[in-house]
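query-v9.txt (compact mmCIF, C-alpha atoms)
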# COMPACT_ATOMS: atom_id res chain seq x y z
CA MET A 1 -108.28 86.36 16.42
CA ALA A 2 -104.77 87.76 15.89
CA GLN A 3 -103.49 84.28 15.05
CA ARG A 4 -106.29 83.81 12.49
CA GLU A 5 -105.51 87.15 10.85
CA ALA A 6 -101.81 86.28 10.67
CA VAL A 7 -102.63 82.98 8.98
CA LEU A 8 -104.88 84.69 6.45
CA ARG A 9 -102.17 87.28 5.71
CA LEU A 10 -99.78 84.38 5.06
CA ASP A 11 -102.40 82.86 2.77
CA GLU A 12 -102.64 86.15 0.86
CA GLN A 13 -98.87 86.15 0.40
CA TRP A 14 -98.99 82.61 -0.95
CA ALA A 15 -101.81 83.58 -3.32
CA ARG A 16 -99.62 86.35 -4.76
CA ILE A 17 -96.75 83.93 -5.26
CA ARG A 18 -99.05 81.34 -6.78
CA SER A 19 -100.43 83.87 -9.28
CA GLY A 20 -96.96 85.19 -10.18
CA GLU A 21 -97.69 88.61 -8.76
CA GLU A 22 -94.88 88.10 -6.23
CA HIS A 23 -91.70 86.17 -7.04
CA ALA A 24 -90.22 83.40 -4.89
CA GLU A 25 -87.64 80.74 -5.68
CA SER A 26 -89.00 77.21 -5.80
CA ALA A 27 -87.45 76.20 -2.46
CA GLU A 28 -88.77 79.33 -0.76
CA ALA A 29 -92.23 78.76 -2.23
CA ASP A 30 -92.21 75.17 -0.96
CA ARG A 31 -91.17 76.37 2.50
CA LEU A 32 -93.88 79.03 2.59
CA LEU A 33 -96.57 76.60 1.45
CA ALA A 34 -95.55 74.06 4.09
CA GLU A 35 -95.62 76.79 6.75
CA LEU A 36 -99.04 77.95 5.59
CA ILE A 37 -100.50 74.43 5.61
CA GLY A 38 -99.16 73.87 9.12
CA ALA A 39 -100.56 77.20 10.34
CA LEU A 40 -104.01 76.47 8.90
CA ARG A 41 -104.47 73.07 10.51
CA GLU A 42 -105.49 74.19 14.00
CA PRO A 43 -108.01 76.92 13.04
CA ALA A 44 -109.40 74.66 10.29
CA ARG A 45 -110.90 72.44 12.97
CA THR A 46 -113.58 75.01 13.79
CA ASP A 47 -113.32 77.78 11.17
CA ALA A 48 -114.98 77.15 7.79
CA GLU A 49 -112.85 79.67 5.91
CA CYS A 50 -109.62 78.22 7.26
CA ALA A 51 -110.84 74.70 6.45
CA ALA A 52 -111.65 75.78 2.90
CA ARG A 53 -108.28 77.47 2.48
CA LEU A 54 -106.47 74.47 3.93
CA GLY A 55 -108.20 72.30 1.34
CA LEU A 56 -107.16 74.76 -1.35
CA ARG A 57 -103.51 74.87 -0.24
CA LEU A 58 -103.26 71.10 0.12
CA GLY A 59 -104.52 71.07 -3.46
CA ASP A 60 -101.69 73.43 -4.39
CA LEU A 61 -99.26 71.07 -2.68
CA ALA A 62 -100.73 68.17 -4.66
CA ALA A 63 -100.28 70.10 -7.92
CA ARG A 64 -96.64 70.84 -7.14
CA ARG A 65 -96.00 67.21 -6.25
CA PHE A 66 -97.67 66.02 -9.43
CA ALA A 67 -95.65 68.47 -11.54
CA SER A 68 -92.45 67.06 -10.00
CA GLY A 69 -93.47 63.49 -10.88
CA ASP A 70 -94.65 62.46 -7.41
CA ARG A 71 -98.10 61.13 -8.34
CA PRO A 72 -98.60 59.07 -5.13
CA GLY A 73 -97.68 62.11 -3.04
CA ALA A 74 -100.04 64.27 -5.06
CA LEU A 75 -102.91 61.83 -4.60
CA SER A 76 -102.26 61.67 -0.86
CA ALA A 77 -102.30 65.46 -0.57
CA VAL A 78 -105.42 65.94 -2.66
CA GLU A 79 -107.24 63.23 -0.70
CA GLU A 80 -106.62 65.21 2.48
CA ALA A 81 -107.53 68.44 0.67
CA LEU A 82 -110.92 67.07 -0.26
CA ARG A 83 -111.73 66.14 3.33
CA TYR A 84 -111.30 69.78 4.36
CA GLY A 85 -112.96 71.01 1.19
CA GLU A 86 -116.06 68.90 1.79
CA GLN A 87 -116.16 70.06 5.42
CA ALA A 88 -116.25 73.71 4.34
CA ALA A 89 -118.37 73.36 1.19
CA ALA A 90 -121.73 73.81 2.91
CA HIS A 91 -120.74 77.19 4.36
CA ALA A 92 -120.36 79.30 1.18
CA PRO A 93 -120.75 78.90 -2.61
CA GLU A 94 -117.10 79.86 -3.15
CA TYR A 95 -115.97 77.04 -0.87
CA THR A 96 -118.26 74.67 -2.76
CA ARG A 97 -116.59 75.70 -6.01
CA TRP A 98 -113.15 75.05 -4.53
CA TYR A 99 -114.30 71.60 -3.45
CA ALA A 100 -115.70 70.79 -6.91
CA ARG A 101 -112.44 71.81 -8.59
CA GLY A 102 -110.53 69.64 -6.12
CA LEU A 103 -112.66 66.65 -7.11
CA ILE A 104 -111.84 67.27 -10.78
CA ASN A 105 -108.10 67.51 -10.04
CA GLN A 106 -108.06 64.30 -8.05
CA ALA A 107 -109.86 62.52 -10.88
CA VAL A 108 -107.37 63.81 -13.47
CA TRP A 109 -104.40 62.60 -11.45
CA LEU A 110 -105.99 59.24 -10.71
CA SER A 111 -106.75 58.61 -14.37
CA TRP A 112 -103.39 59.81 -15.70
CA PRO A 113 -102.11 56.33 -16.78
CA LEU A 114 -105.24 55.84 -18.90
CA SER A 115 -104.24 58.57 -21.37
CA ASP A 116 -101.23 59.09 -23.60
CA GLU A 117 -98.86 62.04 -23.66
CA LEU A 118 -101.41 64.08 -25.63
CA ARG A 119 -104.11 63.26 -23.04
CA TRP A 120 -106.04 61.12 -25.52
CA PRO A 121 -107.47 57.86 -24.14
CA ARG A 122 -104.85 55.12 -24.22
CA TYR A 123 -107.44 52.34 -23.90
CA PRO A 124 -109.09 50.68 -25.73
CA LEU A 125 -107.78 52.52 -28.79
CA GLY A 126 -104.32 53.66 -27.77
CA ARG A 127 -100.98 52.06 -28.49
CA ALA A 128 -101.38 49.63 -25.55
CA ALA A 129 -104.89 48.68 -26.59
CA GLU A 130 -104.27 44.99 -27.13
CA GLU A 131 -103.13 44.64 -23.53
CA GLY A 132 -105.65 46.92 -21.86
CA PRO A 133 -105.25 48.68 -18.53
CA SER A 134 -104.08 46.79 -15.48
CA PRO A 135 -106.70 46.02 -12.82
CA MET A 136 -105.20 48.77 -10.63
CA GLU A 137 -105.32 51.32 -13.47
CA ARG A 138 -108.92 50.43 -14.30
CA ALA A 139 -109.90 50.70 -10.63
CA ALA A 140 -108.26 54.13 -10.49
CA GLY A 141 -110.12 55.12 -13.64
CA GLU A 142 -113.46 54.01 -12.18
CA ARG A 143 -112.72 55.97 -9.01
CA ALA A 144 -111.84 59.01 -11.15
CA LEU A 145 -115.14 58.63 -12.97
CA ASP A 146 -117.07 58.55 -9.68
CA LEU A 147 -115.27 61.66 -8.45
CA THR A 148 -116.01 63.52 -11.65
CA ARG A 149 -119.69 62.59 -11.49
CA THR A 150 -119.72 63.98 -7.96
CA ALA A 151 -118.11 67.20 -9.22
CA VAL A 152 -120.82 67.54 -11.88
CA ASP A 153 -123.48 67.09 -9.19
CA VAL A 154 -121.80 69.67 -6.95
CA TRP A 155 -121.67 72.26 -9.73
CA ALA A 156 -125.26 71.48 -10.75
CA GLY A 157 -126.38 72.11 -7.17
CA LEU A 158 -125.10 75.69 -7.24
CA ASP A 159 -127.09 78.69 -8.46
CA GLN A 160 -127.17 78.38 -12.27
CA GLN A 161 -128.02 82.06 -12.65
CA ASP A 162 -124.39 82.69 -11.73
CA VAL A 163 -122.22 82.52 -14.87
CA VAL A 164 -119.27 81.17 -12.85
CA ASN A 165 -121.33 78.17 -11.81
CA ARG A 166 -122.63 77.56 -15.31
CA ARG A 167 -119.10 77.65 -16.67
CA GLY A 168 -117.90 75.31 -13.92
CA LEU A 169 -120.69 72.84 -14.71
CA ALA A 170 -119.88 72.87 -18.43
CA GLN A 171 -116.19 72.31 -17.70
CA ALA A 172 -117.00 69.45 -15.31
CA LYS A 173 -119.03 67.78 -18.07
CA VAL A 174 -116.01 68.00 -20.39
CA PHE A 175 -113.92 66.19 -17.78
CA LEU A 176 -116.65 63.60 -17.31
CA GLY A 177 -116.56 62.90 -21.05
CA ASP A 178 -112.77 62.46 -20.82
CA ARG A 179 -113.03 59.99 -17.95
CA LEU A 180 -115.69 57.95 -19.78
CA ALA A 181 -113.63 57.86 -22.99
CA GLU A 182 -110.60 56.58 -21.07
CA LEU A 183 -112.65 53.62 -19.89
CA GLY A 184 -113.87 52.85 -23.41
CA ARG A 185 -117.40 54.16 -22.85
CA THR A 186 -117.26 56.27 -25.99
CA GLY A 187 -120.98 56.65 -26.56
CA GLU A 188 -121.52 58.13 -23.11
CA ALA A 189 -118.43 60.30 -23.58
CA VAL A 190 -119.91 61.79 -26.75
CA ALA A 191 -123.22 62.46 -25.01
CA TRP A 192 -121.54 64.40 -22.21
CA ALA A 193 -119.30 66.29 -24.65
CA VAL A 194 -122.40 67.38 -26.59
CA ASP A 195 -124.05 68.43 -23.32
CA ALA A 196 -120.96 70.45 -22.38
CA GLU A 197 -120.84 72.00 -25.84
CA GLY A 198 -124.40 73.23 -25.36
CA GLY A 199 -123.42 74.79 -22.04
CA PHE A 200 -120.50 76.69 -23.53
CA ARG A 201 -122.57 77.90 -26.47
CA ALA A 202 -125.16 79.22 -24.03
CA LEU A 203 -122.39 81.07 -22.18
CA LEU A 204 -121.29 82.74 -25.39
CA LEU A 205 -124.85 83.79 -26.21
CA SER A 206 -125.33 85.23 -22.74
CA GLY A 207 -122.71 87.87 -23.48
CA PRO A 208 -120.07 87.19 -20.81
CA ASP A 209 -116.98 89.34 -20.44
CA PRO A 210 -114.26 89.01 -23.14
CA ASP A 211 -112.03 86.71 -21.06
CA ALA A 212 -114.92 84.35 -20.35
CA ALA A 213 -115.93 84.44 -24.02
CA GLN A 214 -112.41 83.48 -25.10
CA GLU A 215 -112.39 80.65 -22.57
CA ALA A 216 -115.73 79.38 -23.91
CA GLU A 217 -114.49 79.53 -27.51
CA GLU A 218 -111.34 77.58 -26.60
CA ALA A 219 -113.48 74.98 -24.85
CA LEU A 220 -115.71 74.68 -27.92
CA ASP A 221 -112.68 74.16 -30.16
CA HIS A 222 -111.45 71.44 -27.81
CA LEU A 223 -114.86 69.76 -27.75
CA ALA A 224 -115.13 69.88 -31.54
CA ARG A 225 -111.85 67.97 -31.84
CA GLN A 226 -112.97 65.47 -29.20
CA LEU A 227 -116.29 64.81 -30.89
CA GLU A 228 -114.74 64.37 -34.32
CA LEU A 229 -112.26 61.87 -32.90
CA ARG A 230 -114.76 59.93 -30.83
CA LEU A 231 -117.29 59.57 -33.62
CA ARG A 232 -114.70 57.55 -35.54
CA PHE A 233 -114.87 54.84 -32.89
CA LEU A 234 -118.62 54.56 -32.37
CA SER A 235 -120.65 51.61 -33.58
CA PHE A 236 -123.62 52.34 -35.81
CA ASP A 237 -125.98 51.34 -33.00
CA SER A 238 -124.35 53.96 -30.78
CA LEU A 239 -124.71 56.60 -33.49
CA VAL A 240 -128.39 55.74 -33.86
CA HIS A 241 -128.91 55.94 -30.11
CA LEU A 242 -127.24 59.35 -29.89
CA ARG A 243 -129.33 60.64 -32.79
CA SER A 244 -132.55 59.42 -31.16
CA GLN A 245 -131.59 61.21 -27.94
CA GLY A 246 -130.83 64.47 -29.73
CA LEU A 247 -127.14 64.12 -28.85
CA LEU A 248 -125.69 64.08 -32.36
CA PRO A 249 -125.12 67.67 -33.52
CA GLU A 250 -126.30 68.51 -37.04
CA ARG A 251 -122.80 69.55 -38.08
CA LEU A 252 -121.55 66.03 -37.29
CA LEU A 253 -124.21 64.15 -39.25
CA PRO A 254 -122.04 63.91 -42.41
CA GLN A 255 -119.24 62.39 -40.33
CA ALA A 256 -121.71 60.04 -38.64
CA ALA A 257 -122.98 58.89 -42.04
CA VAL A 258 -119.39 58.34 -43.22
CA ALA A 259 -118.58 56.43 -40.01
CA ALA A 260 -121.51 54.11 -40.61
CA ARG A 261 -120.60 53.59 -44.27
CA ILE A 262 -117.00 52.76 -43.36
CA GLN A 263 -118.38 50.03 -41.10
CA GLY A 264 -120.30 48.61 -44.06
CA VAL A 265 -123.78 49.88 -43.21
CA PRO A 266 -125.95 50.26 -46.38
CA GLU A 267 -127.15 53.73 -47.31
CA ASP A 268 -130.82 52.96 -46.65
CA ARG A 269 -130.06 51.79 -43.11
CA ILE A 270 -127.92 54.87 -42.48
CA ALA A 271 -130.80 57.09 -43.58
CA ALA A 272 -133.32 55.26 -41.40
CA GLY A 273 -131.05 55.09 -38.35
CA LEU A 274 -129.95 58.72 -38.50
CA GLN A 275 -133.44 59.94 -39.41
CA LEU A 276 -132.29 61.49 -42.70
CA ASP A 277 -133.62 61.59 -46.21
CA PRO A 278 -131.94 58.86 -48.33
CA GLU A 279 -130.98 61.37 -51.02
CA HIS A 280 -129.41 63.54 -48.34
CA VAL A 281 -127.36 60.59 -47.13
CA ALA A 282 -126.24 59.79 -50.67
CA THR A 283 -125.10 63.38 -51.13
CA MET A 284 -123.27 63.38 -47.79
CA LEU A 285 -121.36 60.24 -48.73
CA GLU A 286 -120.42 61.57 -52.15
CA VAL A 287 -119.14 64.94 -50.96
CA THR A 288 -117.59 63.94 -47.61
CA PRO A 289 -114.24 62.19 -48.06
CA TRP A 290 -112.52 60.08 -45.46
CA LEU A 291 -108.80 59.41 -45.24
CA ALA A 292 -107.94 55.72 -45.48
CA VAL A 293 -104.55 54.96 -43.94
CA TRP A 294 -103.08 51.51 -44.45
CA ARG A 295 -100.05 49.44 -43.60
CA PHE A 296 -99.03 46.07 -45.04
CA GLU A 297 -96.57 44.04 -42.96
CA VAL A 298 -94.69 40.80 -43.67
CA ARG A 299 -93.35 38.42 -41.04
CA GLY A 300 -89.73 37.48 -41.46
CA ALA A 301 -87.98 34.21 -40.67
CA ASP A 302 -87.13 35.62 -37.25
CA GLY A 303 -90.84 36.03 -36.45
CA LEU A 304 -90.71 39.83 -36.52
CA TRP A 305 -93.11 41.93 -38.56
CA SER A 306 -91.82 44.65 -40.87
CA ALA A 307 -93.88 47.26 -42.71
CA ARG A 308 -93.57 47.50 -46.48
CA SER A 309 -92.73 50.79 -48.15
CA HIS A 310 -95.00 53.02 -50.26
CA PRO A 311 -97.53 52.30 -51.74
CA TRP A 312 -98.17 49.55 -49.19
CA HIS A 313 -97.73 51.94 -46.29
CA SER A 314 -99.65 55.01 -47.34
CA ALA A 315 -102.97 56.89 -47.35
CA ALA A 316 -105.60 58.26 -49.71
CA GLU A 317 -108.90 60.12 -49.58
CA VAL A 318 -111.92 58.05 -50.60
CA ARG A 319 -115.66 58.68 -50.85
CA ASN A 320 -118.63 56.40 -50.24
CA ARG A 321 -116.46 53.32 -49.68
CA THR A 322 -116.43 50.89 -46.82
CA ALA A 323 -113.20 49.97 -45.08
CA GLU A 324 -113.56 46.50 -46.57
CA ASP A 325 -114.02 47.94 -50.06
CA VAL A 326 -110.77 49.87 -49.77
CA ALA A 327 -108.88 46.98 -48.20
CA SER A 328 -110.09 44.52 -50.87
CA GLU A 329 -108.86 46.77 -53.66
CA LEU A 330 -105.53 47.21 -51.92
CA MET A 331 -105.12 43.49 -51.37
CA GLN A 332 -105.83 42.76 -55.03
CA GLY A 333 -103.06 45.12 -56.03
CA TRP A 334 -100.79 43.68 -53.35
CA ARG A 335 -101.20 40.10 -54.57
CA ASN A 336 -100.36 41.17 -58.12
CA SER A 337 -97.31 43.22 -57.15
CA PRO A 338 -93.60 42.26 -57.03
CA ASP A 339 -93.69 42.96 -53.28
CA TYR A 340 -96.12 40.10 -52.59
CA PRO A 341 -94.22 37.50 -50.49
CA GLY A 342 -96.12 34.49 -51.88
CA PRO A 343 -98.65 32.03 -50.43
CA SER A 344 -96.18 30.47 -48.00
CA ALA A 345 -95.52 33.71 -46.12
CA TYR A 346 -97.43 35.45 -43.37
CA TRP A 347 -98.59 38.98 -44.06
CA ARG A 348 -101.20 41.31 -42.65
CA ILE A 349 -102.99 44.54 -43.42
CA HIS A 350 -104.37 47.21 -41.11
CA LEU A 351 -106.53 50.04 -42.35
CA TRP A 352 -107.43 53.07 -40.25
CA TRP A 353 -109.65 56.09 -40.65
CA GLN A 354 -107.75 59.39 -40.59
CA GLU A 355 -104.54 58.33 -38.85
CA GLU A 356 -102.41 55.29 -38.26
CA GLY A 357 -102.63 53.94 -34.75
CA ASP A 358 -102.88 50.83 -32.68
CA PRO A 359 -104.11 47.69 -34.49
CA ALA A 360 -107.06 47.56 -32.09
CA GLY A 361 -108.26 50.86 -33.52
CA ALA A 362 -108.15 49.72 -37.15
CA GLN A 363 -111.35 49.83 -39.18
CA PHE A 364 -110.20 46.71 -41.03
CA ARG A 365 -107.53 44.14 -40.28
CA LEU A 366 -106.58 40.82 -41.79
CA LEU A 367 -103.87 38.26 -41.12
CA VAL A 368 -102.97 35.93 -44.00
CA GLY A 369 -100.70 32.89 -43.87
CA PRO A 370 -100.53 29.18 -44.55
CA ASP A 371 -102.60 28.28 -41.48
CA SER A 372 -104.16 31.62 -40.51
CA GLY A 373 -107.53 31.04 -42.07
CA SER A 374 -107.34 34.54 -43.61
CA VAL A 375 -110.32 35.77 -41.64
CA PRO A 376 -110.79 39.54 -41.94
CA SER A 377 -111.84 41.62 -39.00
CA GLN A 378 -113.80 44.81 -39.23
CA THR A 379 -114.84 44.74 -35.60
CA ALA A 380 -112.41 47.32 -34.27
CA VAL A 381 -115.33 49.66 -33.58
CA PRO A 382 -116.61 48.53 -30.19
CA PRO A 383 -120.20 48.69 -29.04
CA SER A 384 -120.53 51.83 -26.92

Could you write out this file's structure as structure tokens?
Amino acid sequence: MAQREAVLRLDEQWARIRSGEEHAESAEADRLLAELIGALREPARTDAECAARLGLRLGDLAARRFASGDRPGALSAVEEALRYGEQAAAHAPEYTRWYARGLINQAVWLSWPLSDELRWPRYPLGRAAEEGPSPMERAAGERALDLTRTAVDVWAGLDQQDVVNRRGLAQAKVFLGDRLAELGRTGEAVAWAVDAEGGFRALLLSGPDPDAAQEAEEALDHLARQLELRLRFLSFDSLVHLRSQGLLPERLLPQAAVAARIQGVPEDRIAAGLQLDPEHVATMLEVTPWLAVWRFEVRGADGLWSARSHPWHSAAEVRNRTAEDVASELMQGWRNSPDYPGPSAYWRIHLWWQEEGDPAGAQFRLLVGPDSGSVPSQTAVPPS
């Protein structure tokens, strides 16, 4: 009993250091954490609280390793943490919550190579899109997805009258949307983001404490940005499916209509697919601009591509125009300009919605040259 109490006192000291309440140099903190993990191992074999705390502290070790750039070491530590966390989870709701958060963390670290430095999905729309993830990265991403689904199930199994559990479930759904987006499953990602958004709105309406309210508002801001981005890469069929399932928020319907029009969908089909009045769709398209961003490039004798200067590398707001409409007008001006390299040269155009990015994310792209066939592509929006 005395040994158990000593270990728990050590754990309390670590908790103060971890929270910043008590200061310790990095080396001293590492030493204390290692001592604590070692002290918890024996009692964790039979004591649920010690097992839960060992899982928690191994998770802390994983976080410190990840922050220092040791991703393999972090994954090894969190794998062990989850074994203890799962062992203790059945004994108390708090331990279950610790276990669920550990699942989320492991998934984030597994999927790290699938996102860029801003934590936006790198594939299939990031700068490495034309290559795609390696088999090992994709396998890690699929494993991360499975772990996050498990975390959602764990949170859902807890008492949903408890605001902490409801918040945890909403947050887990946000992470699930992230993991799906990283694997290119954008339609599913949007559906889970909308689900999570509903959870956070319910938390705000339930009148939580100010800190929880601020957290919910920050989450809603994050989700709003995610949804606006992801809608730009959804096929019309995916938009129609989301609308039929009640997973396309009313505030995003103008953007959904614009997304469909950019893809070349006629107004009457947009109205039918999104279950809107045709006149309403016409109004949406007239009053909702989209930013067309384009880049013309010419291939030199050395085989390298170079972008042309303004106005052939620029942007403009347009309304009720398809990507092909905008590109056709640009190409007409290009062919009649002094910058046109002539019929014997290779040149290409990429046109994006909102921001320049990887060619795979372009709404319109075309390669022109003596033997290219000049076949345009407006298939950058994948089926989701």

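Between Ala257 (chain A) and the residues A:Thr186, A:Thr322, A:Gln214, A:Gln226, the shortest atom-to-atom distance, using all atoms listed in the file, involves A:Thr322.
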
Give me the residues within 9 Å of Ser244 (chain A) as an mmCIF file with C-alpha atoms, in the frame of the given file, counting only C-alpha atoms and dropping any in the same chain fewer than 6 places off.
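After the write, part.cif holds the following:
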data_model
loop_
_atom_site.group_PDB
_atom_site.id
_atom_site.type_symbol
_atom_site.label_atom_id
_atom_site.label_comp_id
_atom_site.auth_asym_id
_atom_site.auth_seq_id
_atom_site.Cartn_x
_atom_site.Cartn_y
_atom_site.Cartn_z
ATOM 1 C CA GLY A 273 -131.050 55.090 -38.350
ATOM 2 C CA LEU A 274 -129.950 58.720 -38.500
ATOM 3 C CA GLN A 275 -133.440 59.940 -39.410
#

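Here CA of Glu42 (chain A) and CA of Ala81 (chain A) stand 14.7 Å from one another.
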
### Task
Point out the residue among A:Pro135, A:Gly59, A:Gly361, A:Gly198 with the least atom-to-atom distance to Tyr123 (chain A), counting all atoms listed in the file.
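Among the listed residues, A:Gly361 lies closest to Tyr123 (chain A).
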
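Here CA of His91 (chain A) is placed at a distance of 28.5 Å from CA of Gly73 (chain A).
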
List every protein, DNA or RNA residue that has an atom no more than 10 Å from (-111.5, 76.6, -4.2) in the file's coordinate frame, counting all atoms listed in the file, and report them as a PDB file with C-alpha atoms, in the coordinates of the input.
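Writing done, so here's part33.pdb:
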ATOM      1  CA  ALA A  52    -111.650  75.780   2.900  1.00  0.00           C
ATOM      2  CA  ARG A  53    -108.280  77.470   2.480  1.00  0.00           C
ATOM      3  CA  LEU A  54    -106.470  74.470   3.930  1.00  0.00           C
ATOM      4  CA  GLY A  55    -108.200  72.300   1.340  1.00  0.00           C
ATOM      5  CA  LEU A  56    -107.160  74.760  -1.350  1.00  0.00           C
ATOM      6  CA  ARG A  57    -103.510  74.870  -0.240  1.00  0.00           C
ATOM      7  CA  GLY A  59    -104.520  71.070  -3.460  1.00  0.00           C
ATOM      8  CA  GLY A  85    -112.960  71.010   1.190  1.00  0.00           C
ATOM      9  CA  ALA A  89    -118.370  73.360   1.190  1.00  0.00           C
ATOM     10  CA  PRO A  93    -120.750  78.900  -2.610  1.00  0.00           C
ATOM     11  CA  GLU A  94    -117.100  79.860  -3.150  1.00  0.00           C
ATOM     12  CA  TYR A  95    -115.970  77.040  -0.870  1.00  0.00           C
ATOM     13  CA  THR A  96    -118.260  74.670  -2.760  1.00  0.00           C
ATOM     14  CA  ARG A  97    -116.590  75.700  -6.010  1.00  0.00           C
ATOM     15  CA  TRP A  98    -113.150  75.050  -4.530  1.00  0.00           C
ATOM     16  CA  TYR A  99    -114.300  71.600  -3.450  1.00  0.00           C
ATOM     17  CA  ALA A 100    -115.700  70.790  -6.910  1.00  0.00           C
ATOM     18  CA  ARG A 101    -112.440  71.810  -8.590  1.00  0.00           C
ATOM     19  CA  GLY A 102    -110.530  69.640  -6.120  1.00  0.00           C
TER      20      GLY A 102
END

### Task
For the point (-93.5, 53.5, -46.7) in the file's frame, write as a list in words all residues with an atom no more than 12 Å away, counting all atoms listed in the file.
Val293, Trp294, Arg295, Phe296, Glu297, Ser306, Ala307, Arg308, Ser309, His310, Pro311, Trp312, His313, Ser314 and Ala315 of chain A

#### Entry: Nearest-residue call for Ala327 (chain A), choices A:Leu114, A:Ile262, A:Leu145, A:Leu304, using all atoms listed in the file
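Selected residue with least distance to Ala327 (chain A): A:Ile262.
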
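From CA of Trp155 (chain A) back to CA of Leu40 (chain A), the distance works out to 26.0 Å.
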
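Of the residues under consideration (A:Val154, A:Gly333, A:Ala27, A:Leu367), A:Leu367 shows the shortest atom-to-atom contact distance to Ile349 (chain A) when counting only C-alpha atoms.
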
### Task
List the neighbours of Ala189 (chain A) out to 8 Å using only C-alpha atoms; skip same-chain residues closer than 3 positions along the sequence, and give me the result as a ChimeraX atom specification.
/A:176-181,185-186,192-193

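The residue that comes closest to Ser115 (chain A), out of A:Ala212, A:Val7, A:Leu183, A:Ala92 and on the basis of all atoms listed in the file, is A:Leu183.
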
Just need the box for region 4-19 of chain A, edges along x, y and z, holding every atom the file lists for it with 4 Å tacked onto each side, so centre and edge lengths in Å to one decimal, as AutoDock Vina command-line options.
--center_x -101.5 --center_y 84.3 --center_z 1.6 --size_x 17.5 --size_y 13.9 --size_z 29.8
